[in-house]
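K.L.:
See coords-v1.cif below, with mmCIF, C-alpha atoms and all ligand atoms.
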data_start
#
loop_
_atom_site.label_atom_id
_atom_site.label_comp_id
_atom_site.auth_asym_id
_atom_site.auth_seq_id
_atom_site.Cartn_x
_atom_site.Cartn_y
_atom_site.Cartn_z
CA MET A 1 14.15 17.80 19.25
CA ARG A 2 11.06 19.95 19.66
CA ARG A 3 10.58 22.56 16.98
CA ASN A 4 10.21 26.16 17.92
CA PHE A 5 6.97 27.04 16.15
CA GLY A 6 7.26 30.74 16.84
CA ALA A 7 10.62 30.99 15.11
CA ASP A 8 9.39 29.55 11.83
CA SER A 9 7.84 32.32 9.79
CA ARG A 10 7.56 30.35 6.53
CA CYS A 11 4.28 28.68 7.43
CA PRO A 12 2.48 30.59 10.15
CA ARG A 13 -0.83 28.79 9.44
CA LYS A 14 0.53 25.52 10.72
CA LEU A 15 0.50 27.05 14.19
CA ARG A 16 -3.24 26.76 14.16
CA TRP A 17 -3.53 23.01 14.44
CA TYR A 18 -1.13 23.13 17.33
CA LYS A 19 -3.23 25.69 19.14
CA THR A 20 -6.57 24.03 18.40
CA ILE A 21 -5.77 20.74 19.99
CA PHE A 22 -9.20 20.40 21.52
CA VAL A 23 -12.33 21.16 19.58
CA PHE A 24 -15.28 21.53 21.91
CA THR A 25 -18.68 21.49 20.32
CA GLY A 26 -20.75 22.97 23.06
CA LYS A 27 -22.47 19.59 23.59
CA ASP A 28 -23.08 18.58 27.18
CA ALA A 29 -20.11 16.28 27.73
CA SER A 30 -21.35 15.13 31.15
CA VAL A 31 -24.44 13.51 29.59
CA ASP A 32 -22.27 11.76 27.00
CA LYS A 33 -19.91 10.69 29.77
CA MET A 34 -22.76 9.14 31.74
CA ARG A 35 -24.12 7.33 28.68
CA MET A 36 -20.63 6.12 27.81
CA GLU A 37 -19.98 4.72 31.28
CA GLN A 38 -23.34 2.91 31.18
CA SER A 39 -22.49 1.29 27.87
CA MET A 40 -18.85 0.28 28.27
CA LYS A 41 -19.70 -3.44 28.35
CA GLY A 42 -20.82 -3.66 24.71
CA LYS A 43 -18.81 -4.59 21.65
CA ILE A 44 -16.78 -2.19 19.54
CA LEU A 45 -17.02 -2.20 15.74
CA VAL A 46 -13.69 -1.42 14.06
CA THR A 47 -13.76 -0.58 10.35
CA GLY A 48 -10.57 -0.86 8.31
CA ALA A 49 -9.73 -3.52 10.89
CA THR A 50 -7.10 -5.15 8.69
CA GLY A 51 -5.52 -1.82 7.67
CA VAL A 52 -2.42 -0.15 9.01
CA VAL A 53 -4.09 1.56 11.98
CA GLY A 54 -7.21 -0.61 12.28
CA ARG A 55 -5.24 -3.79 12.98
CA GLU A 56 -3.33 -2.00 15.76
CA VAL A 57 -6.63 -0.82 17.25
CA VAL A 58 -7.96 -4.41 17.16
CA LYS A 59 -4.81 -5.82 18.79
CA ALA A 60 -4.72 -3.16 21.50
CA LEU A 61 -8.43 -3.62 22.32
CA ALA A 62 -8.03 -7.42 22.42
CA LYS A 63 -5.08 -7.07 24.80
CA ARG A 64 -7.47 -5.37 27.22
CA GLY A 65 -10.13 -8.06 26.75
CA GLN A 66 -12.53 -5.70 24.93
CA LYS A 67 -15.04 -7.43 22.65
CA VAL A 68 -14.44 -6.40 19.06
CA LEU A 69 -16.23 -6.86 15.75
CA ALA A 70 -13.40 -6.44 13.24
CA ALA A 71 -14.84 -5.38 9.88
CA THR A 72 -13.26 -6.65 6.67
CA ARG A 73 -14.40 -7.76 3.21
CA TYR A 74 -12.56 -11.05 3.77
CA PRO A 75 -13.31 -12.33 7.31
CA GLU A 76 -12.30 -15.87 6.36
CA LYS A 77 -8.69 -14.71 5.89
CA TYR A 78 -8.32 -13.21 9.33
CA ALA A 79 -10.00 -15.47 11.89
CA SER A 80 -7.44 -15.81 14.65
CA PRO A 81 -7.71 -17.94 17.77
CA LYS A 82 -4.99 -15.73 19.33
CA LEU A 83 -7.39 -12.81 19.67
CA ALA A 84 -10.13 -14.52 21.64
CA SER A 85 -12.36 -11.47 22.10
CA VAL A 86 -12.23 -10.53 18.40
CA GLU A 87 -14.71 -11.67 15.78
CA TYR A 88 -13.91 -10.86 12.14
CA VAL A 89 -17.14 -9.97 10.36
CA HIS A 90 -17.99 -9.27 6.74
CA PHE A 91 -18.33 -5.59 5.93
CA ASP A 92 -18.06 -3.70 2.65
CA PHE A 93 -18.25 0.10 2.53
CA THR A 94 -19.62 -0.16 -1.01
CA ASN A 95 -22.56 -2.28 0.21
CA ASP A 96 -22.98 -1.20 3.81
CA GLN A 97 -26.78 -1.48 3.85
CA GLY A 98 -26.27 -5.24 4.24
CA SER A 99 -24.29 -4.63 7.42
CA GLN A 100 -26.80 -2.79 9.56
CA HIS A 101 -27.21 -5.81 11.83
CA LEU A 102 -23.62 -5.29 13.03
CA PHE A 103 -24.63 -2.09 14.78
CA ARG A 104 -27.17 -3.92 16.93
CA GLU A 105 -24.31 -5.64 18.75
CA VAL A 106 -22.05 -2.64 19.34
CA ASP A 107 -22.10 0.55 21.35
CA ARG A 108 -18.90 2.14 20.02
CA LEU A 109 -17.42 2.53 16.54
CA PHE A 110 -13.83 3.08 15.41
CA LEU A 111 -14.31 4.61 11.99
CA ALA A 112 -11.39 4.36 9.58
CA THR A 113 -12.18 4.66 5.88
CA PRO A 114 -9.93 3.35 3.09
CA PRO A 115 -7.70 6.05 1.52
CA LEU A 116 -10.00 6.83 -1.41
CA GLY A 117 -9.85 10.64 -1.45
CA ASP A 118 -13.16 12.49 -1.73
CA GLU A 119 -15.17 9.28 -1.68
CA GLU A 120 -14.04 8.73 1.92
CA CYS A 121 -16.30 11.49 3.20
CA GLU A 122 -19.38 9.90 1.65
CA LEU A 123 -18.50 6.50 3.14
CA ALA A 124 -17.92 8.03 6.56
CA ILE A 125 -21.19 9.98 6.50
CA ARG A 126 -23.21 6.89 5.58
CA LEU A 127 -21.73 4.98 8.48
CA ILE A 128 -22.19 7.85 10.94
CA ASP A 129 -25.88 7.94 9.94
CA GLN A 130 -26.27 4.20 10.48
CA ALA A 131 -24.47 4.35 13.81
CA ARG A 132 -26.72 7.19 15.01
CA GLN A 133 -29.88 5.36 13.93
CA GLN A 134 -28.75 2.31 15.91
CA GLU A 135 -27.95 4.49 18.94
CA VAL A 136 -24.23 3.85 18.98
CA LYS A 137 -22.83 5.82 21.92
CA GLN A 138 -19.46 6.99 20.59
CA ILE A 139 -17.59 7.23 17.29
CA VAL A 140 -13.81 7.53 17.20
CA ARG A 141 -12.86 8.86 13.77
CA LEU A 142 -9.47 8.43 12.09
CA SER A 143 -8.85 11.70 10.28
CA ALA A 144 -5.56 13.41 9.34
CA MET A 145 -3.31 16.14 10.72
CA GLY A 146 -3.91 19.68 9.57
CA VAL A 147 -7.34 19.16 7.95
CA GLU A 148 -8.81 22.04 9.95
CA GLU A 149 -6.72 24.31 7.70
CA ASN A 150 -8.78 23.23 4.69
CA GLU A 151 -12.55 23.28 5.20
CA ALA A 152 -12.96 21.75 1.72
CA SER A 153 -10.98 18.61 2.54
CA HIS A 154 -12.91 15.35 2.66
CA HIS A 155 -11.55 14.52 6.10
CA ARG A 156 -12.65 17.88 7.49
CA ALA A 157 -16.11 17.48 5.91
CA ALA A 158 -16.52 14.09 7.61
CA GLU A 159 -15.29 15.54 10.92
CA LYS A 160 -17.83 18.35 10.73
CA TYR A 161 -20.65 15.92 9.97
CA LEU A 162 -19.64 13.84 12.98
CA GLU A 163 -19.32 16.86 15.28
CA GLU A 164 -22.86 17.87 14.37
CA SER A 165 -24.34 14.36 14.40
CA GLY A 166 -25.33 14.35 18.06
CA VAL A 167 -23.24 11.20 18.67
CA ALA A 168 -20.38 11.58 21.15
CA PHE A 169 -17.12 11.57 19.22
CA THR A 170 -13.37 11.63 19.42
CA VAL A 171 -11.36 12.69 16.39
CA LEU A 172 -7.78 11.50 15.93
CA ARG A 173 -5.71 13.49 13.44
CA PRO A 174 -2.43 11.66 12.85
CA ASN A 175 0.55 12.91 10.87
CA PHE A 176 2.18 10.66 8.21
CA PHE A 177 2.48 7.09 9.48
CA MET A 178 5.95 5.57 9.89
CA GLN A 179 4.33 2.44 8.47
CA ASN A 180 4.15 4.08 5.01
CA PHE A 181 7.76 2.87 4.69
CA LEU A 182 6.43 -0.67 5.20
CA THR A 183 3.56 -0.35 2.76
CA TYR A 184 3.83 2.20 -0.04
CA TYR A 185 7.66 2.61 -0.06
CA ARG A 186 8.75 -0.84 1.09
CA ASP A 187 9.58 -2.42 -2.26
CA CYS A 188 11.69 0.51 -3.41
CA ILE A 189 13.71 0.34 -0.17
CA ARG A 190 14.01 -3.43 -0.19
CA LYS A 191 14.78 -3.97 -3.87
CA GLN A 192 16.47 -0.71 -4.90
CA ASN A 193 17.77 0.72 -1.61
CA MET A 194 16.04 4.00 -2.42
CA ILE A 195 13.33 6.32 -1.17
CA ILE A 196 12.10 8.42 -4.09
CA LEU A 197 9.77 11.25 -3.06
CA PRO A 198 9.08 14.93 -3.83
CA ALA A 199 9.52 15.82 -0.14
CA GLY A 200 12.57 18.08 -0.56
CA LYS A 201 14.25 18.74 2.76
CA GLY A 202 10.93 19.10 4.56
CA LYS A 203 10.71 17.54 7.99
CA THR A 204 7.88 15.32 9.24
CA SER A 205 6.97 14.29 12.78
CA PHE A 206 6.10 10.73 11.67
CA VAL A 207 3.83 8.77 14.00
CA ASP A 208 3.86 5.01 14.60
CA ALA A 209 0.50 3.33 13.85
CA ARG A 210 0.97 1.23 17.00
CA ASP A 211 0.77 4.44 19.03
CA ILE A 212 -2.32 5.57 17.10
CA GLY A 213 -3.89 2.20 17.97
CA GLU A 214 -3.14 2.76 21.68
CA ALA A 215 -4.53 6.31 21.50
CA ALA A 216 -7.72 4.97 19.89
CA VAL A 217 -8.11 2.49 22.74
CA GLN A 218 -7.75 5.31 25.27
CA ALA A 219 -10.41 7.25 23.39
CA LEU A 220 -12.76 4.23 23.19
CA THR A 221 -12.45 3.18 26.83
CA ASN A 222 -11.99 6.39 28.78
CA SER A 223 -14.82 8.91 28.87
CA GLY A 224 -12.37 11.78 29.40
CA HIS A 225 -11.82 11.90 25.65
CA LEU A 226 -15.43 12.48 24.59
CA ASN A 227 -16.04 15.34 22.15
CA LYS A 228 -12.36 16.12 21.79
CA THR A 229 -10.00 16.25 18.84
CA TYR A 230 -6.35 15.28 19.05
CA THR A 231 -3.42 15.80 16.72
CA LEU A 232 -1.13 12.77 16.86
CA THR A 233 2.53 13.19 15.94
CA GLY A 234 5.83 11.67 16.92
CA SER A 235 8.09 13.64 19.24
CA GLN A 236 10.78 14.39 16.65
CA ALA A 237 10.58 15.90 13.16
CA ILE A 238 13.01 14.41 10.64
CA ASP A 239 13.54 14.78 6.91
CA HIS A 240 13.82 11.92 4.44
CA PHE A 241 17.63 12.13 4.40
CA GLU A 242 17.51 11.32 8.11
CA VAL A 243 14.98 8.54 7.46
CA ALA A 244 17.38 7.02 4.92
CA GLU A 245 20.28 7.38 7.34
CA MET A 246 18.40 5.60 10.14
CA LEU A 247 17.32 2.80 7.82
CA SER A 248 20.92 2.43 6.55
CA LYS A 249 22.23 2.18 10.10
CA THR A 250 19.61 -0.40 11.08
CA LEU A 251 19.90 -2.51 7.94
CA GLY A 252 23.70 -2.34 7.58
CA ARG A 253 23.46 -1.28 3.93
CA GLU A 254 23.12 2.10 2.29
CA ILE A 255 19.60 3.42 1.68
CA VAL A 256 19.51 6.66 -0.30
CA TYR A 257 16.83 9.33 -0.33
CA ILE A 258 16.37 10.86 -3.78
CA PRO A 259 14.35 14.07 -3.62
CA VAL A 260 12.62 14.52 -6.96
CA ALA A 261 10.89 17.51 -8.52
CA ASP A 262 7.09 17.43 -8.62
CA GLU A 263 6.99 17.01 -12.42
CA LYS A 264 9.43 14.11 -12.36
CA MET A 265 7.32 12.44 -9.66
CA ARG A 266 4.26 13.00 -11.82
CA ASP A 267 5.90 11.15 -14.76
CA PHE A 268 6.99 8.38 -12.43
CA LEU A 269 3.43 7.89 -11.08
CA ILE A 270 1.97 7.95 -14.60
CA ASP A 271 4.34 5.08 -15.46
CA LEU A 272 2.94 3.25 -12.42
CA ALA A 273 -0.58 3.70 -13.91
CA TRP A 274 -1.78 6.18 -11.27
CA VAL A 275 -4.64 8.40 -12.46
CA GLY A 276 -4.74 12.23 -12.62
CA GLU A 277 -6.68 12.90 -9.41
CA GLU A 278 -4.56 10.54 -7.33
CA ILE A 279 -1.38 12.05 -8.71
CA ASP A 280 -2.54 15.61 -7.96
CA ALA A 281 -3.45 14.66 -4.38
CA PHE A 282 -0.08 12.94 -3.86
CA ILE A 283 1.92 15.87 -5.24
CA LYS A 284 -0.09 18.38 -3.15
CA MET A 285 0.47 16.30 -0.03
CA TYR A 286 4.24 16.39 -0.51
CA GLN A 287 4.19 20.10 -1.35
CA CYS A 288 2.90 20.52 2.20
CA VAL A 289 5.86 18.48 3.45
CA GLN A 290 8.30 20.60 1.42
CA ILE A 291 7.15 23.80 3.09
CA GLY A 292 7.26 22.37 6.57
CA TRP A 293 3.56 21.77 7.33
CA SER A 294 4.18 18.24 8.51
CA ALA A 295 6.98 19.20 10.89
CA GLY A 296 4.86 20.36 13.83
CA ILE A 297 4.99 18.40 17.06
CA SER A 298 1.87 18.05 19.17
CA PRO A 299 1.91 17.04 22.86
CA ASP A 300 -1.41 15.16 22.51
CA LEU A 301 -0.12 11.64 21.91
CA GLU A 302 2.29 11.69 24.84
CA ALA A 303 -0.49 13.04 27.06
CA MET A 304 -2.92 10.30 25.93
CA LEU A 305 -0.42 7.46 26.32
CA ASN A 306 1.38 8.80 29.38
CA ARG A 307 4.71 7.96 27.74
CA PRO A 308 6.76 9.35 24.85
CA PRO A 309 5.69 8.22 21.37
CA ILE A 310 7.76 5.54 19.58
CA ASN A 311 10.59 7.23 17.68
CA PHE A 312 11.68 6.46 14.13
CA ALA A 313 14.89 4.64 15.15
CA GLN A 314 12.84 2.26 17.32
CA PHE A 315 10.30 1.73 14.53
CA ALA A 316 13.14 0.92 12.10
CA ARG A 317 14.67 -1.60 14.51
CA ASP A 318 11.31 -3.27 15.23
CA CYS A 319 10.45 -3.62 11.54
CA ALA A 320 13.91 -4.21 10.02
CA ASP A 321 13.05 -7.64 8.64
CA ALA A 322 10.49 -6.11 6.29
CA TRP A 323 13.25 -4.39 4.28
CA ARG A 324 15.72 -7.32 4.24
N1 LIG B 401 -1.02 6.77 5.50
C1 LIG B 401 -0.83 7.88 6.20
O1 LIG B 401 0.30 8.35 6.42
C2 LIG B 401 -2.03 8.59 6.78
C3 LIG B 401 -1.82 9.71 7.59
C4 LIG B 401 -2.93 10.36 8.16
C5 LIG B 401 -4.21 9.86 7.93
N2 LIG B 401 -4.38 8.77 7.14
C6 LIG B 401 -5.76 8.28 6.93
O2 LIG B 401 -5.86 6.97 7.49
C7 LIG B 401 -6.91 6.26 6.80
C8 LIG B 401 -6.42 4.87 6.46
O3 LIG B 401 -5.37 4.99 5.51
P1 LIG B 401 -4.32 3.82 5.25
O4 LIG B 401 -3.43 4.28 4.17
O5 LIG B 401 -3.74 3.37 6.56
O6 LIG B 401 -5.24 2.66 4.69
P2 LIG B 401 -5.63 1.28 5.32
O7 LIG B 401 -6.42 1.50 6.59
O8 LIG B 401 -4.46 0.40 5.42
O9 LIG B 401 -6.64 0.79 4.18
C9 LIG B 401 -6.94 -0.50 3.97
C10 LIG B 401 -8.15 -0.92 4.83
O10 LIG B 401 -9.35 -0.48 4.20
C11 LIG B 401 -10.23 -1.58 4.15
N3 LIG B 401 -11.09 -1.46 2.96
C12 LIG B 401 -10.72 -1.13 1.69
N4 LIG B 401 -11.81 -1.11 0.88
C13 LIG B 401 -12.88 -1.46 1.67
C14 LIG B 401 -14.27 -1.63 1.42
N5 LIG B 401 -14.82 -1.45 0.20
N6 LIG B 401 -15.06 -1.99 2.45
C15 LIG B 401 -14.56 -2.20 3.69
N7 LIG B 401 -13.24 -2.05 4.00
C16 LIG B 401 -12.42 -1.69 3.00
C17 LIG B 401 -9.33 -2.79 4.04
O11 LIG B 401 -10.06 -3.90 4.54
P3 LIG B 401 -10.17 -5.33 3.76
O12 LIG B 401 -9.27 -5.29 2.55
O13 LIG B 401 -9.74 -6.33 4.79
O14 LIG B 401 -11.61 -5.42 3.42
C18 LIG B 401 -8.21 -2.39 4.99
O15 LIG B 401 -8.55 -2.70 6.32
C19 LIG B 401 -7.31 7.13 5.61
O16 LIG B 401 -8.47 7.83 5.93
C20 LIG B 401 -6.13 8.09 5.46
O17 LIG B 401 -6.51 9.33 4.89
C21 LIG B 401 -3.33 8.12 6.56
#
Do you think you could lay out the structure here as structure tokens?
Ligand SMILES: NC(=O)c1ccc[n+]([C@@H]2O[C@H](COP(=O)([O-])OP(=O)(O)OC[C@H]3O[C@@H](n4cnc5c(N)ncnc54)[C@H](OP(=O)(O)O)[C@@H]3O)[C@@H](O)[C@H]2O)c1
P.N.:
Amino acid sequence: MRRNFGADSRCPRKLRWYKTIFVFTGKDASVDKMRMEQSMKGKILVTGATGVVGREVVKALAKRGQKVLAATRYPEKYASPKLASVEYVHFDFTNDQGSQHLFREVDRLFLATPPLGDEECELAIRLIDQARQQEVKQIVRLSAMGVEENEASHHRAAEKYLEESGVAFTVLRPNFFMQNFLTYYRDCIRKQNMIILPAGKGKTSFVDARDIGEAAVQALTNSGHLNKTYTLTGSQAIDHFEVAEMLSKTLGREIVYIPVADEKMRDFLIDLAWVGEEIDAFIKMYQCVQIGWSAGISPDLEAMLNRPPINFAQFARDCADAWR
């Protein structure tokens, strides 16, 4: 069900990301388009290539026969004869000076940084600089939904640096990934049949990382997406009670969502040895969910893929074994 943005007066600011789907920079897109078309035969460097979105980008590029350098700290673990056009290469964000040679082989970069908070911006900026020096033609940046509302956010700072870098770019701003239930929350679902979060009754238009991967491929292979920014959401907004209900139905056992107060969540994370900054960021993120900021639905993903996004019920069915 599509939300009626106009009817929701609790969070008027969230309208803005919906209305600023495209961010034009005033750069001459036709020049970038020409350069891009000339360079489409080169390799694509994918950072975070073994991460939740990065591995989907790699798979989707390989399916189309695109040549990929898949960056990881552990290339020996990932070499796969199944993905013939993919070469796993050593890359470490904390020692990226040793990786400059990689840029000589590529003309496009998919730039995902590990979820490290403020440090992410610094990592992204260093790589944007290297890519520009090596005349990389396009950078597709994995950012996050709603960052334009907070100019101080690390994702927005990296976006701005990229927009002003002179390199043609595409920014993807996804909402919460469905795959978080396979990574961060998997064990709690599998072992305790619970989802414990301070999300209240807030709704989220979760997006499947497989769809983000497909959108990234569109951006990397089709010059129509140069110098544009897209907000990527699913086509339905659901709360965590509904998530638990869908998982219960799929798994044939009861999964319960337990909404907890912020302070209780804080104690819980301290017990898990999380540190202050991480805890603050986590709590703030879910405060946004509580007030409905993650509920907006953008048409961008459907327009990029030319089909409806994967819905949560489908995601749950496809991934059911992970929670058994
Ligand atoms: N999770 C969400 O719901 C969500 C929503 C919107 C936006 N985002 C954004 O998406 C991005 C990715 O987040 P994620 O949670 O999905 O994480 P992730 O991509 O799964 O993070 C792990 C990846 O980071 C790589 N990595 C970690 N440290 C590295 C280092 N020092 N050098 C090189 N690579 C390194 C890992 O590669 P190796 O271990 O193989 O080296 C792995 O590929 C973040 O910017 C996050 O803010 C996330």
K.L.:
In Å, how far is it from CA of Val140 (chain A) to CA of Ala295 (chain A)?
P.N.:
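Value for the CA of Val140 (chain A)-CA of Ala295 (chain A) distance: 24.7 Å.
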K.L.:
So, counting all atoms listed in the file, which residue among A:Thr250, A:Ser294, A:Gln287, A:Asn193 is closest to Leu232 (chain A)?
P.N.:
A:Ser294
K.L.:
Compile the contact shell of region 158-168 of chain A as a PyMOL selection string: residues with an atom at most 6 Å away, counting all atoms listed in the file, same-chain residues fewer than 5 positions apart removed.
P.N.:
chain A and resi 121+138+227
K.L.:
Considering all atoms listed in the file, state which residue in the set A:Leu142, A:Met246, A:Leu127, A:Leu69 is at the smallest distance from ligand LIG 401 (chain B).
P.N.:
A:Leu142
K.L.:
How many Å lie between CA of Phe110 (chain A) and CA of Ala49 (chain A), rounded to one decimal?
P.N.:
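Pair CA of Phe110 (chain A) / CA of Ala49 (chain A) returns 9.0 Å.
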K.L.:
Around ligand LIG 401 (chain B), at most 6 Å away and counting only C-alpha atoms and all ligand atoms, which residues are there? Put them as a list in words, please.
P.N.:
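Using only C-alpha atoms and all ligand atoms, I find these residues within 6 Å of ligand LIG 401 (chain B): Gly48, Ala49, Thr50, Gly51, Val52, Val53, Thr72, Arg73, Tyr74, Phe91, Asp92, Phe93, Thr94, Ala112, Thr113, Pro114, Pro115, Ser143, Ala144, Pro174, Asn175, Phe176, Phe177 and Asn180 of chain A.
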K.L.:
Can you list, as a PyMOL selection string, every protein, DNA or RNA residue that comes within 12 Å of Lys82 (chain A) when you count all atoms listed in the file, leaving out same-chain residues fewer than 2 positions away?
P.N.:
chain A and resi 58-59+62-63+65+78-80+84-87
K.L.:
Quick one: residues within 8 Å of Asp300 (chain A), only C-alpha atoms, excluding same-chain residues fewer than 6 positions away - as a PyMOL selection string?
P.N.:
chain A and resi 21+230-233
K.L.:
Pick out the closest residue to Lys137 (chain A) from this set: A:Arg186, A:Arg210, A:Leu61, A:Ile44. Count only C-alpha atoms.
P.N.:
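Nearest to Lys137 (chain A): A:Ile44.
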K.L.:
Rounded to one decimal, what separation in Å do you get between CA of His90 (chain A) and CA of Ala71 (chain A)?
P.N.:
5.9 Å
K.L.:
When you look at region 146-155 of chain A with a cut-off of 7 Å (counting only C-alpha atoms), what residues show up, excluding the ones that are within fewer than 5 positions of it in the same chain? I need them as a list in words.
P.N.:
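My list of contacting residues is Trp17, Gly117, Asp118, Glu120 and Cys121 of chain A.
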K.L.:
Here is a test: counting all atoms listed in the file, which residue of A:Tyr286, A:Tyr257, A:Phe169, A:Phe181 is nearest to Gly202 (chain A)?
P.N.:
A:Tyr286
K.L.:
Write out as a PDB file with C-alpha atoms, in the coordinates of the input the residues lying within 12 Å of Gly200 (chain A), counting only C-alpha atoms and excluding same-chain residues fewer than 5 positions away.
P.N.:
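Final file, result-v4.pdb:
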ATOM      1  CA  ILE A 195      13.330   6.320  -1.170  1.00  0.00           C
ATOM      2  CA  ILE A 238      13.010  14.410  10.640  1.00  0.00           C
ATOM      3  CA  ASP A 239      13.540  14.780   6.910  1.00  0.00           C
ATOM      4  CA  HIS A 240      13.820  11.920   4.440  1.00  0.00           C
ATOM      5  CA  PHE A 241      17.630  12.130   4.400  1.00  0.00           C
ATOM      6  CA  TYR A 257      16.830   9.330  -0.330  1.00  0.00           C
ATOM      7  CA  ILE A 258      16.370  10.860  -3.780  1.00  0.00           C
ATOM      8  CA  PRO A 259      14.350  14.070  -3.620  1.00  0.00           C
ATOM      9  CA  VAL A 260      12.620  14.520  -6.960  1.00  0.00           C
ATOM     10  CA  ALA A 261      10.890  17.510  -8.520  1.00  0.00           C
ATOM     11  CA  ASP A 262       7.090  17.430  -8.620  1.00  0.00           C
ATOM     12  CA  MET A 265       7.320  12.440  -9.660  1.00  0.00           C
ATOM     13  CA  ILE A 283       1.920  15.870  -5.240  1.00  0.00           C
ATOM     14  CA  TYR A 286       4.240  16.390  -0.510  1.00  0.00           C
ATOM     15  CA  GLN A 287       4.190  20.100  -1.350  1.00  0.00           C
ATOM     16  CA  CYS A 288       2.900  20.520   2.200  1.00  0.00           C
ATOM     17  CA  VAL A 289       5.860  18.480   3.450  1.00  0.00           C
ATOM     18  CA  GLN A 290       8.300  20.600   1.420  1.00  0.00           C
ATOM     19  CA  ILE A 291       7.150  23.800   3.090  1.00  0.00           C
ATOM     20  CA  GLY A 292       7.260  22.370   6.570  1.00  0.00           C
TER      21      GLY A 292
END
